[in-house]
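Shown here: protein27.txt, compact mmCIF, C-alpha atoms.
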# COMPACT_ATOMS: atom_id res chain seq x y z
CA MET A 1 28.36 -40.77 22.65
CA ARG A 2 25.63 -43.26 21.69
CA MET A 3 23.71 -42.46 18.51
CA ARG A 4 19.94 -42.88 18.42
CA HIS A 5 18.49 -45.46 16.12
CA PRO A 6 17.68 -43.84 12.72
CA SER A 7 14.02 -44.78 12.97
CA SER A 8 13.77 -42.94 16.28
CA VAL A 9 15.21 -39.81 14.71
CA VAL A 10 12.74 -39.99 11.84
CA LEU A 11 9.83 -40.48 14.26
CA LEU A 12 10.94 -37.51 16.36
CA ALA A 13 11.19 -35.26 13.29
CA PHE A 14 7.75 -36.37 12.13
CA LEU A 15 6.20 -35.58 15.52
CA LEU A 16 7.83 -32.15 15.58
CA THR A 17 6.44 -31.42 12.11
CA LEU A 18 2.93 -32.41 13.20
CA THR A 19 3.21 -30.16 16.26
CA THR A 20 4.31 -27.18 14.14
CA VAL A 21 1.51 -27.65 11.62
CA ALA A 22 -1.07 -27.97 14.37
CA ALA A 23 0.15 -24.77 15.99
CA CYS A 24 -0.05 -22.90 12.69
CA ARG A 25 -3.58 -24.13 12.08
CA GLU A 26 -4.67 -23.12 15.54
CA SER A 27 -3.32 -19.60 15.05
CA GLY A 28 -4.76 -19.30 11.54
CA ALA A 29 -1.28 -18.91 10.09
CA THR A 30 -1.05 -22.03 7.95
CA ALA A 31 1.49 -21.66 5.13
CA LEU A 32 2.41 -18.12 6.19
CA VAL A 33 5.88 -19.05 7.35
CA ALA A 34 6.94 -20.32 3.95
CA ALA A 35 5.01 -17.70 2.06
CA GLN A 36 6.47 -14.78 4.01
CA SER A 37 10.12 -15.79 3.89
CA PRO A 38 11.69 -13.28 1.50
CA ALA A 39 13.69 -14.81 -1.31
CA GLU A 40 16.24 -12.01 -1.09
CA PRO A 41 17.79 -10.15 1.86
CA THR A 42 15.75 -7.22 3.13
CA VAL A 43 16.94 -3.81 1.97
CA PRO A 44 16.95 -1.67 5.13
CA LEU A 45 15.31 1.75 5.15
CA PRO A 46 18.07 4.37 5.55
CA ASN A 47 16.12 6.23 8.28
CA LYS A 48 17.98 9.44 7.49
CA ASP A 49 17.31 12.76 9.18
CA GLY A 50 15.37 15.07 6.90
CA SER A 51 14.24 12.38 4.45
CA PHE A 52 10.58 11.95 3.51
CA LYS A 53 9.17 8.91 5.31
CA PHE A 54 5.64 7.67 4.66
CA GLY A 55 3.33 4.66 4.72
CA VAL A 56 0.85 3.24 2.21
CA LEU A 57 -2.38 1.47 3.18
CA GLY A 58 -5.43 0.39 1.24
CA ASP A 59 -8.71 -1.55 1.45
CA PHE A 60 -8.48 -1.61 5.21
CA GLY A 61 -11.59 -0.43 7.06
CA THR A 62 -13.19 -3.66 8.23
CA GLY A 63 -12.98 -3.34 12.00
CA ASP A 64 -11.83 -6.97 12.15
CA LYS A 65 -9.13 -8.35 14.42
CA SER A 66 -6.71 -8.79 11.53
CA GLN A 67 -6.97 -5.10 10.65
CA TYR A 68 -6.04 -4.21 14.24
CA GLU A 69 -3.10 -6.63 14.12
CA LEU A 70 -1.69 -4.98 11.01
CA ALA A 71 -2.27 -1.57 12.58
CA ASP A 72 -0.20 -2.76 15.53
CA GLN A 73 2.67 -3.57 13.16
CA MET A 74 2.40 -0.07 11.74
CA ALA A 75 2.66 1.39 15.23
CA LYS A 76 5.64 -0.80 16.09
CA LEU A 77 7.47 0.33 12.97
CA HIS A 78 6.77 3.98 13.77
CA GLN A 79 8.59 3.63 17.07
CA ARG A 80 11.88 3.23 15.20
CA PHE A 81 11.03 4.70 11.79
CA LYS A 82 9.21 8.02 12.26
CA TYR A 83 7.14 8.25 9.11
CA GLU A 84 5.13 11.43 9.05
CA LEU A 85 2.10 10.47 6.99
CA VAL A 86 0.18 7.57 5.48
CA VAL A 87 -1.45 7.71 2.05
CA LEU A 88 -4.70 5.79 1.78
CA VAL A 89 -5.46 4.23 -1.60
CA GLY A 90 -9.18 3.79 -1.09
CA ASP A 91 -11.88 1.58 0.39
CA ASN A 92 -11.29 3.25 3.70
CA LEU A 93 -14.46 1.89 5.33
CA TYR A 94 -16.44 -1.22 4.45
CA GLY A 95 -20.13 -1.40 5.30
CA SER A 96 -21.87 1.33 7.25
CA GLU A 97 -20.25 4.72 7.81
CA ARG A 98 -21.81 5.92 11.05
CA PRO A 99 -19.70 7.90 13.54
CA GLN A 100 -19.07 4.72 15.53
CA ASP A 101 -17.86 3.04 12.32
CA PHE A 102 -15.27 5.73 11.75
CA ALA A 103 -14.17 5.12 15.33
CA ASN A 104 -14.03 1.31 15.16
CA LYS A 105 -12.64 1.02 11.63
CA PHE A 106 -10.19 3.92 11.68
CA GLU A 107 -9.70 5.95 14.83
CA LEU A 108 -9.20 3.05 17.25
CA PRO A 109 -6.90 0.79 15.20
CA TYR A 110 -4.61 3.69 14.25
CA LYS A 111 -4.89 5.61 17.54
CA PRO A 112 -1.17 5.20 18.43
CA LEU A 113 -0.21 6.74 15.08
CA LEU A 114 -2.79 9.53 15.30
CA ASP A 115 -1.66 10.31 18.85
CA ALA A 116 1.94 10.48 17.57
CA GLY A 117 0.96 13.10 15.02
CA VAL A 118 0.93 10.90 11.91
CA LYS A 119 -1.45 12.33 9.31
CA PHE A 120 -3.53 10.19 6.97
CA TYR A 121 -4.26 11.48 3.46
CA ALA A 122 -7.11 9.63 1.80
CA SER A 123 -8.27 8.89 -1.69
CA LEU A 124 -11.70 7.34 -2.18
CA GLY A 125 -12.49 3.83 -3.38
CA ASN A 126 -15.63 2.36 -4.87
CA HIS A 127 -16.86 1.29 -1.40
CA ASP A 128 -16.44 4.77 0.06
CA ALA A 129 -19.15 7.40 0.37
CA ARG A 130 -18.05 10.62 -1.25
CA GLU A 131 -18.93 12.41 1.97
CA GLN A 132 -15.70 11.00 3.42
CA ARG A 133 -13.96 13.98 1.83
CA ALA A 134 -15.30 16.06 4.73
CA TYR A 135 -13.94 13.74 7.44
CA LYS A 136 -11.25 15.75 9.18
CA LEU A 137 -8.81 12.91 9.85
CA PHE A 138 -8.65 12.02 6.13
CA ASN A 139 -7.20 15.48 5.37
CA MET A 140 -9.02 15.82 2.05
CA ASP A 141 -10.24 19.33 2.86
CA GLY A 142 -13.58 18.59 1.22
CA LYS A 143 -11.99 17.73 -2.14
CA LEU A 144 -12.37 14.55 -4.18
CA TYR A 145 -8.90 15.07 -5.67
CA TYR A 146 -6.08 17.25 -4.45
CA THR A 147 -2.31 17.68 -4.34
CA PHE A 148 0.25 18.72 -1.73
CA ASN A 149 3.98 18.99 -1.04
CA PRO A 150 5.10 17.11 2.10
CA LYS A 151 8.69 18.06 1.22
CA PRO A 152 9.98 20.63 -1.28
CA ASN A 153 11.22 17.92 -3.65
CA VAL A 154 8.15 15.65 -3.35
CA ARG A 155 4.61 16.26 -4.56
CA LEU A 156 1.73 13.85 -3.98
CA PHE A 157 -1.42 13.75 -6.10
CA ALA A 158 -4.60 12.08 -4.80
CA LEU A 159 -7.17 11.15 -7.45
CA GLU A 160 -10.77 9.92 -7.36
CA SER A 161 -10.69 6.98 -9.76
CA THR A 162 -14.26 5.69 -9.43
CA TYR A 163 -15.58 8.67 -11.38
CA PRO A 164 -12.69 10.03 -13.49
CA THR A 165 -14.55 12.97 -15.00
CA PRO A 166 -13.08 15.02 -17.85
CA GLU A 167 -12.75 17.90 -15.41
CA GLN A 168 -10.58 15.77 -13.13
CA ILE A 169 -8.38 14.55 -15.99
CA GLN A 170 -7.84 18.16 -17.04
CA TRP A 171 -7.01 19.07 -13.45
CA VAL A 172 -4.46 16.23 -13.29
CA GLU A 173 -2.68 17.48 -16.40
CA THR A 174 -2.64 21.05 -15.19
CA GLU A 175 -1.23 20.14 -11.78
CA LEU A 176 1.36 17.68 -13.09
CA LYS A 177 2.55 20.19 -15.65
CA ALA A 178 2.84 22.96 -13.07
CA SER A 179 4.80 20.90 -10.56
CA THR A 180 8.58 21.28 -10.51
CA SER A 181 9.12 18.67 -7.78
CA ASP A 182 11.73 16.00 -8.45
CA TRP A 183 9.39 13.29 -7.19
CA LYS A 184 5.82 13.11 -8.48
CA ILE A 185 3.82 10.34 -6.81
CA VAL A 186 0.17 9.66 -7.63
CA PHE A 187 -2.20 7.62 -5.47
CA PHE A 188 -5.76 6.44 -6.10
CA HIS A 189 -7.87 3.29 -5.90
CA HIS A 190 -8.21 1.45 -9.23
CA PRO A 191 -4.90 0.09 -10.57
CA LEU A 192 -3.69 0.81 -14.07
CA TYR A 193 -1.66 -2.40 -13.80
CA SER A 194 -2.62 -5.38 -11.65
CA SER A 195 -2.42 -9.16 -11.84
CA GLY A 196 -5.60 -9.61 -9.85
CA ASP A 197 -7.95 -12.38 -10.95
CA ARG A 198 -10.87 -10.49 -9.41
CA HIS A 199 -10.29 -7.03 -10.90
CA GLY A 200 -6.96 -6.69 -12.69
CA SER A 201 -5.80 -3.73 -14.74
CA ASP A 202 -8.25 -0.89 -15.40
CA LEU A 203 -7.59 -0.35 -19.09
CA ARG A 204 -9.91 2.63 -19.57
CA LEU A 205 -8.30 4.47 -16.69
CA ARG A 206 -4.87 3.56 -18.03
CA GLU A 207 -5.77 5.05 -21.39
CA ALA A 208 -6.72 8.33 -19.75
CA LEU A 209 -3.92 8.66 -17.19
CA GLU A 210 -0.81 6.85 -18.35
CA PRO A 211 0.05 9.33 -21.14
CA LEU A 212 -0.05 12.15 -18.59
CA PHE A 213 2.11 10.24 -16.11
CA LEU A 214 4.68 9.60 -18.83
CA LYS A 215 4.64 13.13 -20.21
CA TYR A 216 4.97 14.89 -16.85
CA ASN A 217 7.55 12.66 -15.20
CA VAL A 218 5.60 10.65 -12.61
CA SER A 219 7.91 8.16 -10.90
CA VAL A 220 5.58 6.09 -8.68
CA VAL A 221 1.86 5.19 -8.74
CA LEU A 222 0.18 3.73 -5.63
CA THR A 223 -3.18 1.94 -5.88
CA GLY A 224 -5.42 -0.65 -4.18
CA HIS A 225 -8.74 -2.32 -5.17
CA ASP A 226 -7.27 -5.81 -5.63
CA HIS A 227 -6.97 -7.26 -2.13
CA PHE A 228 -3.30 -8.21 -2.04
CA TYR A 229 0.13 -6.64 -2.41
CA GLU A 230 1.86 -6.47 -5.79
CA ARG A 231 4.87 -4.60 -7.11
CA VAL A 232 4.49 -4.44 -10.85
CA LYS A 233 7.50 -4.59 -13.14
CA PRO A 234 8.30 -1.03 -14.28
CA GLN A 235 5.99 0.00 -17.08
CA LYS A 236 7.62 2.51 -19.45
CA GLY A 237 9.83 3.61 -16.58
CA ILE A 238 7.08 4.05 -13.97
CA VAL A 239 6.80 1.78 -10.91
CA TYR A 240 3.26 0.72 -9.97
CA PHE A 241 2.28 -0.74 -6.59
CA VAL A 242 -1.00 -2.39 -5.57
CA VAL A 243 -1.38 -2.13 -1.78
CA GLY A 244 -4.93 -3.39 -1.30
CA SER A 245 -4.13 -5.62 1.67
CA GLY A 246 -4.74 -3.40 4.70
CA GLY A 247 -7.81 -5.17 6.08
CA GLN A 248 -9.43 -7.16 3.32
CA LEU A 249 -7.56 -10.06 1.74
CA ARG A 250 -8.29 -12.16 -1.31
CA LYS A 251 -5.99 -15.13 -0.82
CA GLY A 252 -4.34 -16.64 -3.87
CA ASN A 253 -5.78 -13.99 -6.19
CA ILE A 254 -2.57 -12.97 -7.97
CA ASP A 255 -2.37 -14.37 -11.49
CA ARG A 256 1.25 -15.51 -11.57
CA ASP A 257 1.05 -15.92 -15.34
CA SER A 258 0.29 -12.26 -16.02
CA GLY A 259 3.94 -11.53 -16.74
CA ILE A 260 3.91 -8.16 -14.98
CA THR A 261 4.52 -9.17 -11.36
CA ALA A 262 7.90 -8.26 -9.93
CA LYS A 263 6.81 -9.33 -6.44
CA GLY A 264 3.44 -10.46 -5.12
CA PHE A 265 2.04 -11.37 -1.72
CA ASP A 266 -1.52 -12.65 -1.36
CA THR A 267 -1.49 -14.85 1.75
CA ASP A 268 -1.85 -12.22 4.49
CA LEU A 269 -2.41 -8.52 5.14
CA ALA A 270 0.43 -6.07 4.50
CA PHE A 271 1.27 -2.36 4.37
CA MET A 272 4.15 -0.46 2.80
CA ALA A 273 6.70 1.86 4.38
CA ALA A 274 8.86 4.05 2.18
CA GLU A 275 11.59 6.65 2.41
CA ILE A 276 12.73 9.16 -0.19
CA ALA A 277 16.25 10.51 0.11
CA GLY A 278 17.68 12.31 -2.89
CA ASP A 279 16.94 10.42 -6.09
CA GLU A 280 16.20 7.10 -4.35
CA MET A 281 13.11 5.64 -2.75
CA HIS A 282 13.60 2.72 -0.38
CA PHE A 283 10.57 0.61 0.50
CA ASN A 284 9.69 -2.25 2.83
CA VAL A 285 6.39 -4.15 2.78
CA ILE A 286 5.49 -5.60 6.17
CA SER A 287 2.91 -8.29 6.89
CA ARG A 288 0.42 -8.70 9.71
CA VAL A 289 2.89 -10.87 11.63
CA GLY A 290 5.77 -8.44 11.16
CA GLN A 291 7.74 -10.07 8.37
CA THR A 292 9.16 -8.07 5.48
CA VAL A 293 7.66 -9.63 2.35
CA ASP A 294 9.16 -7.25 -0.19
CA SER A 295 11.80 -4.54 -0.18
CA GLY A 296 13.96 -2.63 -2.57
CA VAL A 297 15.21 0.67 -3.92
CA LEU A 298 14.02 2.56 -6.97
CA THR A 299 15.35 5.67 -8.65
CA ARG A 300 13.11 8.51 -9.75
CA ARG A 301 12.39 9.08 -13.41
CA LYS A 302 14.30 11.81 -15.15
CA ILE A 303 13.09 12.96 -18.54
CA THR A 304 14.74 15.62 -20.64
CA PRO A 305 12.37 18.33 -21.87

Mind turning this structure into structure tokens?
Amino acid sequence: MRMRHPSSVVLLAFLLTLTTVAACRESGATALVAAQSPAEPTVPLPNKDGSFKFGVLGDFGTGDKSQYELADQMAKLHQRFKYELVVLVGDNLYGSERPQDFANKFELPYKPLLDAGVKFYASLGNHDAREQRAYKLFNMDGKLYYTFNPKPNVRLFALESTYPTPEQIQWVETELKASTSDWKIVFFHHPLYSSGDRHGSDLRLREALEPLFLKYNVSVVLTGHDHFYERVKPQKGIVYFVVGSGGQLRKGNIDRDSGITAKGFDTDLAFMAAEIAGDEMHFNVISRVGQTVDSGVLTRRKITP
């Protein structure tokens, strides 16, 4: 077989590279291929019968095309991984909040999930009107902060972190102390730990809440506010996630020198899917184009009284 001249091979490779780059630019996906290739193999979700399966979404209500594209990925996942609810970590609607805005920014993009019976449980962000607590599909039952048991061994606590009043902090302690669930998971908007250049860690909120989380055996904290995805290195045994990439995105905003990032993704939108079975929580973080950008398994905290 005759070999091509080396210069011809080099020219062909160069032309193919130009074609690929041009296609990425045209689709708005420049640099996403490299950025979304996971460094480690994806840890599959067990998808066990009877386990607690849920999603996490934050900073999403824009009504833009990209929000709808990520919502489509959420619906595709649900076809094979039947998560029962989605926790919303705030900034549920950007801009006006008329009835048509609730339709365009929430009801329409997530219609396949709503039609399938998936429930959304909201917490409020700084861009959200407090009247959202009365919106039926957010399942807040008129409350700014609340708690519920989706499974006997799991309790979720939704907080209102824009105005953390003394009454709310007292309520948090009372509810955490009273809960005997193995898994205690808290979700709200402003992160106690974040590598965001724009916002970063909320130190005053951390001072108020972290001692309670440590004392009463919280295992996982889910937040948003910074418009990217970040899994923070465990802090005193607690795992913190920032999932503020559901519709808004602040590209390149993760400070890689913060020293607290276990995994970060700030080049495209993403949501998180998780599954609790026994003492383990598996999680996958999936981007707007369907790639898994982070995954892993964590074990719940166990403290001895």

Give as a list in words the set of residues within 9 Å of the point (13.9, 7.8, -1.1), where distances use the file's coordinates and all atoms listed in the file.
Leu45, Pro46, Ser51, Phe52, Lys53, Ala274, Glu275, Ile276, Ala277, Gly278, Asp279, Glu280, Met281, His282, Phe283, Val297, Leu298, Thr299 and Arg300 of chain A

Restrict the calculation to only C-alpha atoms, then for each residue of region 152-249 of chain A with any atom at most 12 Å from an atom of region 59-63 of chain A give the closest atom pair and their distance in Å to one decimal, rows by chain and rising residue number, as JSON lines.
{"residue": "A:Phe188", "atom": "CA", "partner": "A:Asp59", "partner_atom": "CA", "distance": 11.4}
{"residue": "A:His189", "atom": "CA", "partner": "A:Asp59", "partner_atom": "CA", "distance": 8.8}
{"residue": "A:His190", "atom": "CA", "partner": "A:Asp59", "partner_atom": "CA", "distance": 11.1}
{"residue": "A:Thr223", "atom": "CA", "partner": "A:Asp59", "partner_atom": "CA", "distance": 9.8}
{"residue": "A:Gly224", "atom": "CA", "partner": "A:Asp59", "partner_atom": "CA", "distance": 6.6}
{"residue": "A:His225", "atom": "CA", "partner": "A:Asp59", "partner_atom": "CA", "distance": 6.7}
{"residue": "A:Asp226", "atom": "CA", "partner": "A:Asp59", "partner_atom": "CA", "distance": 8.4}
{"residue": "A:His227", "atom": "CA", "partner": "A:Asp59", "partner_atom": "CA", "distance": 7.0}
{"residue": "A:Phe228", "atom": "CA", "partner": "A:Asp59", "partner_atom": "CA", "distance": 9.3}
{"residue": "A:Tyr229", "atom": "CA", "partner": "A:Asp59", "partner_atom": "CA", "distance": 10.9}
{"residue": "A:Val242", "atom": "CA", "partner": "A:Asp59", "partner_atom": "CA", "distance": 10.5}
{"residue": "A:Val243", "atom": "CA", "partner": "A:Asp59", "partner_atom": "CA", "distance": 8.0}
{"residue": "A:Gly244", "atom": "CA", "partner": "A:Asp59", "partner_atom": "CA", "distance": 5.0}
{"residue": "A:Ser245", "atom": "CA", "partner": "A:Asp59", "partner_atom": "CA", "distance": 6.1}
{"residue": "A:Gly246", "atom": "CA", "partner": "A:Phe60", "partner_atom": "CA", "distance": 4.2}
{"residue": "A:Gly247", "atom": "CA", "partner": "A:Phe60", "partner_atom": "CA", "distance": 3.7}
{"residue": "A:Gln248", "atom": "CA", "partner": "A:Phe60", "partner_atom": "CA", "distance": 5.9}
{"residue": "A:Leu249", "atom": "CA", "partner": "A:Asp59", "partner_atom": "CA", "distance": 8.6}

Do you know which residues are at most 10 Å from region 149-156 of chain A counting only C-alpha atoms, after dropping those on the same chain fewer than 4 positions away, and could you put them as a PyMOL selection string?
chain A and resi 50-54+84-85+87+121+176+179-187+218+220-221+276-279

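You will find CA of Asp255 (chain A) at 5.2 Å from CA of Ser195 (chain A).
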
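You will find CA of Leu214 (chain A) at 15.8 Å from CA of Pro191 (chain A).
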
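For the pair CA of Met272 (chain A) and CA of Ala75 (chain A), the separation is 12.7 Å.
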
Name all residues at most 10 Å from Tyr146 (chain A) (count only C-alpha atoms; drop same-chain ones fewer than 2 positions away) and give them as a VMD selection string.
chain A and resid 121 to 123 140 to 144 148 156 to 160 168 171 to 172 175

Counting all atoms listed in the file, closest pick from A:Pro166, A:Pro112, A:Gly58, A:Gly259 relative to Val89 (chain A) is A:Gly58

For Pro99 (chain A), the nearest of the candidates A:Gly296, A:Gln132, A:Asn284, A:Lys263, counting only C-alpha atoms:
A:Gln132

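Compared by their closest atoms to Asp257 (chain A), and using all atoms listed in the file, the residues A:Glu69, A:Asp128, A:Ser194, A:Asp202 rank with A:Ser194 nearest.
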
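Minimum atom-to-atom distances from A:Ala273, A:His199, A:Pro44, A:Asn104 to Leu57 (chain A) were compared using all atoms listed in the file, and the lowest value belongs to A:Ala273.
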
If you take every atom of region 267-276 of chain A that the file lists and fit an axis-aligned box around them with 6 Å extra on each side, what centre and edge lengths come out in Å to one decimal, as JSON?
{"center_x": 5.2, "center_y": -2.8, "center_z": 2.5, "size_x": 27.1, "size_y": 36.0, "size_z": 17.3}

Between A:Tyr110, A:Phe241, A:Tyr94, A:Tyr216, which is the closest to Leu124 (chain A) once you count only C-alpha atoms?
A:Tyr94

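Protein, DNA and RNA residues at most 10 Å from (8.2, -6.2, 2.3), with all atoms listed in the file, are these: Gln36, Ser37, Pro38, Thr42, Val43, Tyr229, Lys263, Gly264, Phe265, Ala270, Phe271, Met272, Ala273, Phe283, Asn284, Val285, Ile286, Ser287, Gly290, Gln291, Thr292, Val293, Asp294, Ser295 and Gly296 of chain A.
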
Written file, previous selection with C-alpha atoms, as a PDB file, in the coordinates of the input:
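File produced: again.pdb:
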ATOM      1  CA  GLN A  36       6.470 -14.780   4.010  1.00  0.00           C
ATOM      2  CA  SER A  37      10.120 -15.790   3.890  1.00  0.00           C
ATOM      3  CA  PRO A  38      11.690 -13.280   1.500  1.00  0.00           C
ATOM      4  CA  THR A  42      15.750  -7.220   3.130  1.00  0.00           C
ATOM      5  CA  VAL A  43      16.940  -3.810   1.970  1.00  0.00           C
ATOM      6  CA  TYR A 229       0.130  -6.640  -2.410  1.00  0.00           C
ATOM      7  CA  LYS A 263       6.810  -9.330  -6.440  1.00  0.00           C
ATOM      8  CA  GLY A 264       3.440 -10.460  -5.120  1.00  0.00           C
ATOM      9  CA  PHE A 265       2.040 -11.370  -1.720  1.00  0.00           C
ATOM     10  CA  ALA A 270       0.430  -6.070   4.500  1.00  0.00           C
ATOM     11  CA  PHE A 271       1.270  -2.360   4.370  1.00  0.00           C
ATOM     12  CA  MET A 272       4.150  -0.460   2.800  1.00  0.00           C
ATOM     13  CA  ALA A 273       6.700   1.860   4.380  1.00  0.00           C
ATOM     14  CA  PHE A 283      10.570   0.610   0.500  1.00  0.00           C
ATOM     15  CA  ASN A 284       9.690  -2.250   2.830  1.00  0.00           C
ATOM     16  CA  VAL A 285       6.390  -4.150   2.780  1.00  0.00           C
ATOM     17  CA  ILE A 286       5.490  -5.600   6.170  1.00  0.00           C
ATOM     18  CA  SER A 287       2.910  -8.290   6.890  1.00  0.00           C
ATOM     19  CA  GLY A 290       5.770  -8.440  11.160  1.00  0.00           C
ATOM     20  CA  GLN A 291       7.740 -10.070   8.370  1.00  0.00           C
ATOM     21  CA  THR A 292       9.160  -8.070   5.480  1.00  0.00           C
ATOM     22  CA  VAL A 293       7.660  -9.630   2.350  1.00  0.00           C
ATOM     23  CA  ASP A 294       9.160  -7.250  -0.190  1.00  0.00           C
ATOM     24  CA  SER A 295      11.800  -4.540  -0.180  1.00  0.00           C
ATOM     25  CA  GLY A 296      13.960  -2.630  -2.570  1.00  0.00           C
TER      26      GLY A 296
END

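Using only C-alpha atoms for every distance, the candidate list A:Lys105, A:Arg301, A:Arg133, A:Lys119 yields A:Lys105 as the residue closest to Tyr68 (chain A).
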